[in-house]
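Q: Take a look at query32.txt, compact mmCIF, C-alpha atoms:
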```
# COMPACT_ATOMS: atom_id res chain seq x y z
CA GLU A 300 68.81 -34.85 -6.36
CA LEU A 301 69.35 -31.45 -4.71
CA LEU A 302 70.83 -30.08 -7.92
CA ALA A 303 67.81 -31.35 -9.82
CA MET A 304 65.55 -29.60 -7.29
CA LYS A 305 67.30 -26.30 -7.95
CA ARG A 306 66.97 -26.75 -11.71
CA ARG A 307 63.24 -27.42 -11.32
CA GLY A 308 62.84 -24.38 -9.09
CA LYS A 309 61.98 -26.42 -6.00
CA ARG A 310 62.97 -25.27 -2.53
CA ILE A 311 65.17 -27.44 -0.30
CA SER A 312 64.42 -27.96 3.40
CA MET A 313 67.11 -28.94 5.89
CA VAL A 314 66.79 -29.40 9.65
CA THR A 315 69.29 -30.59 12.23
CA ALA A 316 68.79 -33.80 14.19
CA TYR A 317 71.03 -35.26 16.87
CA ASN A 318 69.30 -38.43 18.09
CA TYR A 319 66.86 -41.16 17.09
CA PRO A 320 63.61 -39.43 18.17
CA SER A 321 64.39 -36.15 16.42
CA ALA A 322 65.58 -38.00 13.31
CA VAL A 323 62.31 -39.93 13.12
CA GLN A 324 60.29 -36.71 13.42
CA VAL A 325 62.32 -34.86 10.79
CA ASP A 326 62.16 -37.80 8.39
CA LEU A 327 58.39 -38.20 8.85
CA ALA A 328 57.98 -34.51 8.00
CA ASN A 329 59.61 -35.24 4.62
CA ILE A 330 62.42 -32.78 5.26
CA ASP A 331 64.84 -33.11 2.36
CA VAL A 332 68.11 -33.08 4.31
CA VAL A 333 68.87 -34.07 7.89
CA LEU A 334 71.98 -32.33 9.19
CA VAL A 335 73.79 -33.92 12.10
CA GLY A 336 75.35 -30.61 13.00
CA ASP A 337 78.15 -29.81 15.39
CA SER A 338 75.58 -27.45 16.94
CA VAL A 339 74.89 -30.57 19.00
CA GLY A 340 77.55 -29.18 21.29
CA MET A 341 75.44 -26.15 22.17
CA VAL A 342 71.89 -27.55 22.18
CA GLU A 343 72.52 -31.09 23.44
CA LEU A 344 75.85 -31.08 25.30
CA GLY A 345 75.68 -27.66 26.96
CA TYR A 346 78.81 -26.09 25.46
CA GLU A 347 78.88 -22.37 24.71
CA THR A 348 80.39 -22.95 21.25
CA THR A 349 80.77 -25.79 18.76
CA GLN A 350 84.54 -25.92 19.18
CA PRO A 351 84.72 -28.59 21.94
CA VAL A 352 82.77 -31.11 19.86
CA THR A 353 84.88 -34.10 18.80
CA LEU A 354 84.65 -36.50 15.88
CA GLU A 355 83.67 -39.22 18.35
CA ASP A 356 80.78 -37.03 19.51
CA MET A 357 79.62 -36.61 15.93
CA LEU A 358 79.83 -40.32 15.18
CA HIS A 359 77.85 -41.18 18.30
CA HIS A 360 75.00 -38.86 17.31
CA ALA A 361 75.18 -39.72 13.61
CA LYS A 362 74.65 -43.41 14.35
CA ALA A 363 71.49 -42.61 16.30
CA VAL A 364 70.18 -40.35 13.54
CA LYS A 365 70.89 -42.99 10.89
CA ARG A 366 68.67 -45.46 12.73
CA GLY A 367 65.77 -43.01 12.59
CA VAL A 368 65.99 -41.89 8.95
CA GLU A 369 64.47 -43.77 6.02
CA ARG A 370 64.10 -41.10 3.34
CA SER A 371 66.04 -37.90 4.02
CA LEU A 372 69.63 -37.29 2.94
CA ILE A 373 71.96 -37.42 5.96
CA VAL A 374 74.77 -34.87 6.12
CA VAL A 375 77.24 -34.95 9.02
CA ASP A 376 79.40 -32.01 10.11
CA LEU A 377 83.13 -32.52 10.33
CA PRO A 378 83.88 -30.94 13.72
CA PHE A 379 86.58 -28.44 14.59
CA GLY A 380 90.02 -30.08 14.55
CA SER A 381 89.05 -33.07 12.42
CA TYR A 382 89.96 -31.73 8.96
CA GLU A 383 92.14 -28.61 9.18
CA ILE A 384 95.57 -30.23 9.51
CA SER A 385 95.66 -31.76 6.03
CA PRO A 386 93.43 -33.08 3.24
CA ALA A 387 94.47 -36.56 4.30
CA GLN A 388 93.18 -35.98 7.82
CA ALA A 389 89.94 -34.60 6.40
CA LEU A 390 89.47 -37.60 4.13
CA GLN A 391 90.05 -40.01 6.99
CA SER A 392 87.48 -38.19 9.13
CA ALA A 393 85.01 -38.19 6.26
CA TYR A 394 85.46 -41.93 5.72
CA ARG A 395 84.63 -42.53 9.38
CA CYS A 396 81.47 -40.42 9.10
CA VAL A 397 80.30 -42.54 6.18
CA LYS A 398 81.48 -45.98 7.31
CA GLU A 399 80.73 -45.65 11.03
CA GLY A 400 78.19 -42.84 11.23
CA GLY A 401 76.07 -43.75 8.23
CA ALA A 402 76.43 -40.34 6.56
CA ASP A 403 75.47 -39.80 2.93
CA ALA A 404 77.70 -36.71 2.83
CA VAL A 405 79.82 -34.50 5.07
CA LYS A 406 79.85 -30.75 5.61
CA LEU A 407 82.84 -28.59 6.46
CA GLU A 408 83.37 -24.89 7.01
CA GLY A 409 85.61 -22.55 5.03
CA GLY A 410 86.04 -20.91 1.65
CA ARG A 411 88.91 -20.92 -0.84
CA ASP A 412 91.26 -22.01 1.92
CA ARG A 413 89.32 -25.29 2.17
CA ALA A 414 88.91 -25.90 -1.58
CA ASP A 415 91.77 -28.40 -1.77
CA THR A 416 90.38 -30.23 1.25
CA CYS A 417 86.94 -30.47 -0.32
CA ARG A 418 88.47 -31.61 -3.61
CA SER A 419 90.40 -34.35 -1.83
CA ILE A 420 87.31 -35.68 -0.06
CA VAL A 421 85.28 -35.64 -3.27
CA LYS A 422 88.05 -37.48 -5.12
CA GLY A 423 87.97 -39.99 -2.31
CA GLY A 424 84.38 -40.79 -3.18
CA ILE A 425 82.48 -38.79 -0.56
CA ALA A 426 80.02 -35.99 -1.29
CA VAL A 427 80.78 -32.65 0.40
CA MET A 428 78.55 -29.77 1.40
CA GLY A 429 80.35 -26.45 1.84
CA HIS A 430 79.66 -23.75 4.43
CA ILE A 431 80.64 -20.07 4.20
CA GLY A 432 79.61 -16.78 5.80
CA LEU A 433 79.45 -17.11 9.55
CA THR A 434 81.53 -20.18 10.30
CA PRO A 435 80.95 -20.96 13.99
CA GLN A 436 84.07 -23.12 14.34
CA ALA A 437 86.19 -20.06 13.50
CA ILE A 438 84.65 -17.63 16.00
CA SER A 439 88.05 -17.14 17.65
CA VAL A 440 89.27 -15.64 14.37
CA ILE A 441 86.18 -13.75 13.21
CA GLY A 442 85.47 -12.29 16.63
CA GLY A 443 82.36 -14.17 17.73
CA PHE A 444 78.97 -14.98 16.21
CA ARG A 445 78.80 -12.08 13.75
CA ALA A 446 77.19 -11.58 10.36
CA GLN A 447 79.57 -11.72 7.42
CA GLY A 448 79.78 -10.11 3.98
CA ARG A 449 78.36 -6.75 5.01
CA THR A 450 80.89 -4.68 3.05
CA GLY A 451 81.43 -4.74 -0.69
CA VAL A 452 84.91 -6.21 -0.37
CA LYS A 453 83.85 -8.91 2.09
CA ALA A 454 80.79 -9.78 0.03
CA ARG A 455 82.90 -10.18 -3.11
CA ALA A 456 85.26 -12.43 -1.17
CA LEU A 457 82.32 -14.66 -0.21
CA LEU A 458 81.32 -14.94 -3.86
CA ASP A 459 84.87 -15.97 -4.75
CA ASP A 460 84.79 -18.51 -1.92
CA ALA A 461 81.54 -19.95 -3.26
CA LEU A 462 82.89 -20.24 -6.80
CA ALA A 463 86.07 -21.92 -5.58
CA LEU A 464 84.11 -24.47 -3.57
CA GLN A 465 81.88 -25.24 -6.55
CA ASP A 466 84.99 -25.81 -8.65
CA ALA A 467 86.29 -28.12 -5.91
CA GLY A 468 83.25 -30.34 -6.33
CA VAL A 469 80.91 -29.53 -3.43
CA PHE A 470 77.30 -30.48 -4.22
CA ALA A 471 75.65 -27.74 -2.14
CA LEU A 472 76.64 -24.71 -0.09
CA VAL A 473 75.37 -23.36 3.23
CA LEU A 474 75.30 -19.55 3.48
CA GLU A 475 75.08 -18.42 7.10
CA CYS A 476 74.33 -14.92 8.38
CA VAL A 477 74.96 -12.90 5.22
CA PRO A 478 72.88 -10.06 3.74
CA PRO A 479 70.09 -11.30 1.46
CA GLN A 480 71.37 -9.45 -1.60
CA VAL A 481 74.75 -11.15 -1.20
CA ALA A 482 73.10 -14.55 -0.84
CA GLN A 483 71.03 -13.83 -3.95
CA VAL A 484 74.05 -12.97 -6.10
CA ILE A 485 75.91 -16.07 -4.86
CA THR A 486 72.89 -18.29 -5.54
CA GLU A 487 72.44 -16.90 -9.04
CA SER A 488 76.16 -17.32 -9.76
CA LEU A 489 76.25 -20.99 -8.85
CA GLU A 490 74.93 -24.09 -10.54
CA ILE A 491 74.86 -25.95 -7.22
CA PRO A 492 72.09 -25.18 -4.70
CA THR A 493 72.56 -22.86 -1.74
CA ILE A 494 70.97 -23.41 1.66
CA GLY A 495 70.53 -20.34 3.80
CA ILE A 496 70.43 -19.78 7.52
CA GLY A 497 69.97 -16.15 8.39
CA ALA A 498 70.68 -15.33 4.72
CA GLY A 499 67.31 -14.14 3.48
CA PRO A 500 64.75 -15.66 1.07
CA HIS A 501 66.77 -15.91 -2.13
CA THR A 502 68.74 -19.10 -1.44
CA THR A 503 67.69 -22.44 -2.93
CA GLY A 504 66.78 -23.81 0.48
CA GLN A 505 66.64 -23.07 4.19
CA VAL A 506 68.03 -24.76 7.30
CA LEU A 507 67.20 -24.29 10.96
CA VAL A 508 68.30 -25.95 14.19
CA TYR A 509 65.70 -28.42 15.48
CA HIS A 510 65.74 -27.13 19.05
CA ASP A 511 65.51 -23.49 18.01
CA MET A 512 62.66 -23.79 15.51
CA LEU A 513 60.55 -25.93 17.86
CA GLY A 514 61.22 -23.86 20.99
CA MET A 515 62.60 -26.93 22.72
CA LEU A 516 64.51 -25.15 25.48
CA SER A 517 63.29 -22.23 27.55
CA HIS A 518 66.26 -22.13 29.94
CA PRO A 519 68.11 -18.77 29.91
CA HIS A 520 71.37 -20.54 28.94
CA HIS A 521 69.74 -21.63 25.69
CA GLU A 522 67.61 -18.55 25.02
CA GLN A 523 70.67 -16.33 24.80
CA PHE A 524 71.93 -18.41 21.88
CA VAL A 525 68.69 -18.50 19.87
CA PRO A 526 69.50 -16.40 16.79
CA LYS A 527 67.38 -13.48 15.67
CA PHE A 528 66.73 -15.09 12.28
CA CYS A 529 65.11 -18.19 13.77
CA LYS A 530 61.34 -18.44 13.48
CA LYS A 531 59.79 -20.58 16.20
CA TYR A 532 57.23 -22.93 14.69
CA ALA A 533 56.27 -24.37 18.08
CA GLU A 534 56.84 -23.89 21.80
CA VAL A 535 57.61 -27.47 22.68
CA GLY A 536 59.85 -26.45 25.57
CA HIS A 537 56.95 -24.85 27.43
CA ALA A 538 54.81 -27.95 26.97
CA ILE A 539 57.66 -30.10 28.29
CA ARG A 540 58.08 -27.83 31.32
CA PHE A 541 54.35 -27.89 32.07
CA GLY A 542 54.35 -31.67 31.85
CA LEU A 543 57.32 -32.04 34.19
CA ASP A 544 55.83 -29.57 36.69
CA ALA A 545 52.54 -31.46 36.65
CA PHE A 546 54.32 -34.78 37.23
CA LYS A 547 56.25 -33.43 40.20
CA SER A 548 53.08 -31.95 41.67
CA ASP A 549 51.22 -35.26 41.33
CA VAL A 550 54.10 -37.15 42.96
CA ASP A 551 54.41 -34.62 45.80
CA GLN A 552 50.68 -34.92 46.53
CA GLY A 553 50.56 -38.69 46.16
CA LEU A 554 48.20 -38.47 43.19
CA PHE A 555 50.36 -40.54 40.84
CA PRO A 556 50.03 -43.37 40.15
CA ALA A 557 46.27 -43.71 40.58
CA ASP A 558 44.53 -47.04 40.00
CA GLU A 559 44.29 -46.45 36.25
CA PHE A 560 48.09 -46.40 36.06
CA THR A 561 48.58 -49.44 38.32
CA PRO A 562 47.76 -52.26 35.92
CA TYR A 563 49.58 -55.22 37.46
CA LYS A 564 47.31 -57.08 39.87
CA MET A 565 47.57 -60.03 42.26
CA SER A 566 44.68 -62.34 42.97
CA ASP A 567 43.19 -62.36 46.49
CA LYS A 568 44.37 -65.95 46.97
CA GLU A 569 47.98 -65.12 46.05
CA GLU A 570 47.94 -61.97 48.18
CA ILE A 571 46.91 -64.00 51.25
CA LYS A 572 49.72 -66.48 50.57
CA PHE A 573 52.21 -63.62 50.09
CA ARG A 574 51.26 -61.99 53.40
CA GLU A 575 51.57 -65.32 55.22
CA LEU A 576 55.09 -65.76 53.84
CA VAL A 577 56.01 -62.22 54.83
CA ALA A 578 54.72 -62.73 58.36
CA GLU A 579 57.11 -65.65 58.92
CA ASP A 580 60.17 -63.41 59.39
CA GLU A 581 58.50 -60.14 60.36
CA GLY A 582 60.59 -59.76 63.51
CA VAL A 583 63.90 -60.41 61.75
CA ARG A 584 63.14 -57.90 59.00
CA GLN A 585 62.10 -55.20 61.43
CA SER A 586 65.34 -55.72 63.37
CA LYS A 587 67.40 -55.37 60.17
CA LEU A 588 65.44 -52.27 59.21
CA THR A 589 66.16 -50.66 62.56
CA ARG A 590 69.90 -51.37 62.29
CA ALA A 591 70.07 -50.11 58.70
CA SER A 592 68.24 -46.93 59.62
CA LYS A 593 70.61 -46.23 62.51
CA ARG A 594 73.70 -46.97 60.39
CA LEU A 595 72.67 -44.59 57.62
CA LYS A 596 71.71 -41.82 60.03
CA ASP A 597 75.02 -42.12 61.88
CA ALA A 598 76.89 -41.89 58.56
CA ASP A 599 75.05 -38.70 57.56
CA GLU A 600 76.68 -35.73 59.29
CA TYR A 601 73.86 -33.47 58.16
CA GLU A 602 71.35 -35.76 59.86
CA ALA A 603 73.51 -36.09 62.97
CA THR A 604 73.85 -32.31 63.35
CA HIS A 605 70.16 -31.70 62.57
CA ILE A 606 70.91 -29.50 59.56
CA TYR A 607 67.89 -31.01 57.82
CA GLY A 608 65.75 -29.94 60.80
CA ARG A 609 64.22 -32.02 63.56
```
What is this structure when it is put down as structure tokens?
A:
Amino acid sequence: ELLAMKRRGKRISMVTAYNYPSAVQVDLANIDVVLVGDSVGMVELGYETTQPVTLEDMLHHAKAVKRGVERSLIVVDLPFGSYEISPAQALQSAYRCVKEGGADAVKLEGGRDRADTCRSIVKGGIAVMGHIGLTPQAISVIGGFRAQGRTGVKARALLDDALALQDAGVFALVLECVPPQVAQVITESLEIPTIGIGAGPHTTGQVLVYHDMLGMLSHPHHEQFVPKFCKKYAEVGHAIRFGLDAFKSDVDQGLFPADEFTPYKMSDKEEIKFRELVAEDEGVRQSKLTRASKRLKDADEYEATHIYGR
């Protein structure tokens, strides 16, 4: 279907999703492809890179996404360490993504050096999306999150990578953080569609990270990782923060819950009966409360030494 979209001149939209709620939202927006990306490590799990993410992590999130998607194509990233050892290892990981995670296809990073791996997975009956340019799993080798293909030699190498992956059978190719003219030449040289992220307007489609494009997180830890190429289509994070601040303020002031949010009532007759039953052992309960209070205070050295204040 994506290949047909390219042939008809239609643009492809792809957005990441990592859980059931985000998957439902992305699917309802008629986004063409939902990517369960290993970026989950940075935006959901708090890692500084994608490298610590495991295959088990990916399967856990893929299952949740699968339950929320009815229309979009689901692509699941093979995480760092789950496919590099051998094509056999890669195929086994891909099978798990499909059988356990509900993936329609898998994505893996690398160029000509991963062509045999891609070919093996495709021969095994699983569709593969390639990924070249900035490959976040390889930041230890490429020296961090840096743009790629900015010299003539490097750009030509990316084109050769793209051609090799197409020959290996990948059905689409992500181009990340490359100059737009390089992405254009690669796109025009391929029959398969390209999906850009920080690669300019000439690719067949575009992909962004859910949290980044919606402004989900305003914490400094996250802001430092929001890439320059990401357009924010909303500031959901600020709305969330305002809501949480308002909730805390209402609780602190005793304003929540008001009567309108206290729907479960007891009749006057049953309340009288309840209070009569409670009164029967009032003395015993007060005695137990006093002992419990003393026991907990004695066990709290901060309370005993008045660190909390008198």
Q: A:Val484, A:Val469, A:Leu354, A:Val452: which is nearest Leu301 of chain A, counting only C-alpha atoms?
A: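 With only C-alpha atoms as the atom set, the closest residue is A:Val469.
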Q: Give me the residues within 6 Å of Val364 of chain A as a PyMOL selection string, counting all atoms listed in the file and dropping any in the same chain fewer than 6 places off.
A: chain A and resi 318-319+322
Q: Between A:His430, A:Lys362, A:Arg449, A:Lys531, which one has atoms that come closest to Arg395 of chain A, using all atoms listed in the file?
A: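 With all atoms listed in the file as the atom set, the closest residue is A:Lys362.
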Q: Distance cut-off 7 Å, centre (85.6, -22.4, 19.7) in file coordinates, counting only C-alpha atoms: which residues qualify? Return them as a list in words.
A: Thr348, Thr349, Gln350, Pro351, Gln436, Ala437, Ile438 and Ser439 of chain A
Q: Measuring between all atoms listed in the file, which one of A:Gly497, A:Gly468, A:Gly448, A:Gly409 shows the shortest distance to Ala426 of chain A?
A: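 Of A:Gly497, A:Gly468, A:Gly448, A:Gly409, the one nearest Ala426 of chain A is A:Gly468, counting all atoms listed in the file.
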Q: Which residue is closest to Val352 of chain A? Choose from A:Ser548, A:Thr434, A:Gln388, A:Ser381 and count all atoms listed in the file.
A: A:Ser381
Q: Nearest to Asp403 of chain A among A:Pro378, A:Pro562, A:Gly424, A:Pro386, with distances taken over only C-alpha atoms: which residue is it?
A: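 The shortest atom-to-atom distance to Asp403 of chain A comes from A:Gly424.
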Q: As an exercise, work out the distance from atom CA of Ala363 of chain A to atom CA of Lys305 of chain A in Å and give it to one decimal place.
A: 29.5 Å
Q: How far is it from atom CA of Leu358 of chain A to atom CA of Ser338 of chain A, in Å with one decimal?
A: 13.7 Å
Q: What does the distance from atom CA of Tyr346 of chain A to atom CA of Glu475 of chain A come to in Å, to one decimal?
A: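 These atoms are spaced 20.2 Å apart.
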Q: Ranking A:Asp466, A:Glu383, A:Asp337, A:Asp544 by minimum distance to Pro435 of chain A and counting all atoms listed in the file, which one comes first?
A: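 The answer is A:Asp337, which sits nearest to Pro435 of chain A.
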Q: Enumerate, as a PyMOL selection string, the protein, DNA and RNA residues whose atoms approach (73.0, -28.7, -0.2) to within 10 Å, taking into account only C-alpha atoms and the coordinate frame of the file.
A: chain A and resi 300-302+305+311-313+331-332+372+374+404+406+427-430+469-473+491-495+503-506
Q: May I have the residues within 9 Å of Ile485 of chain A as a VMD selection string, using only C-alpha atoms and disregarding those fewer than 3 positions away in the same chain?
A: chain A and resid 457 to 459 461 to 462 480 to 482 488 to 489 493 502
Q: Skipping near chain neighbours, those fewer than 3 positions away, what residues fall within 10 Å of Tyr532 of chain A using only C-alpha atoms, listed as number ranges by chain?
A: A: 511-514, 529, 535
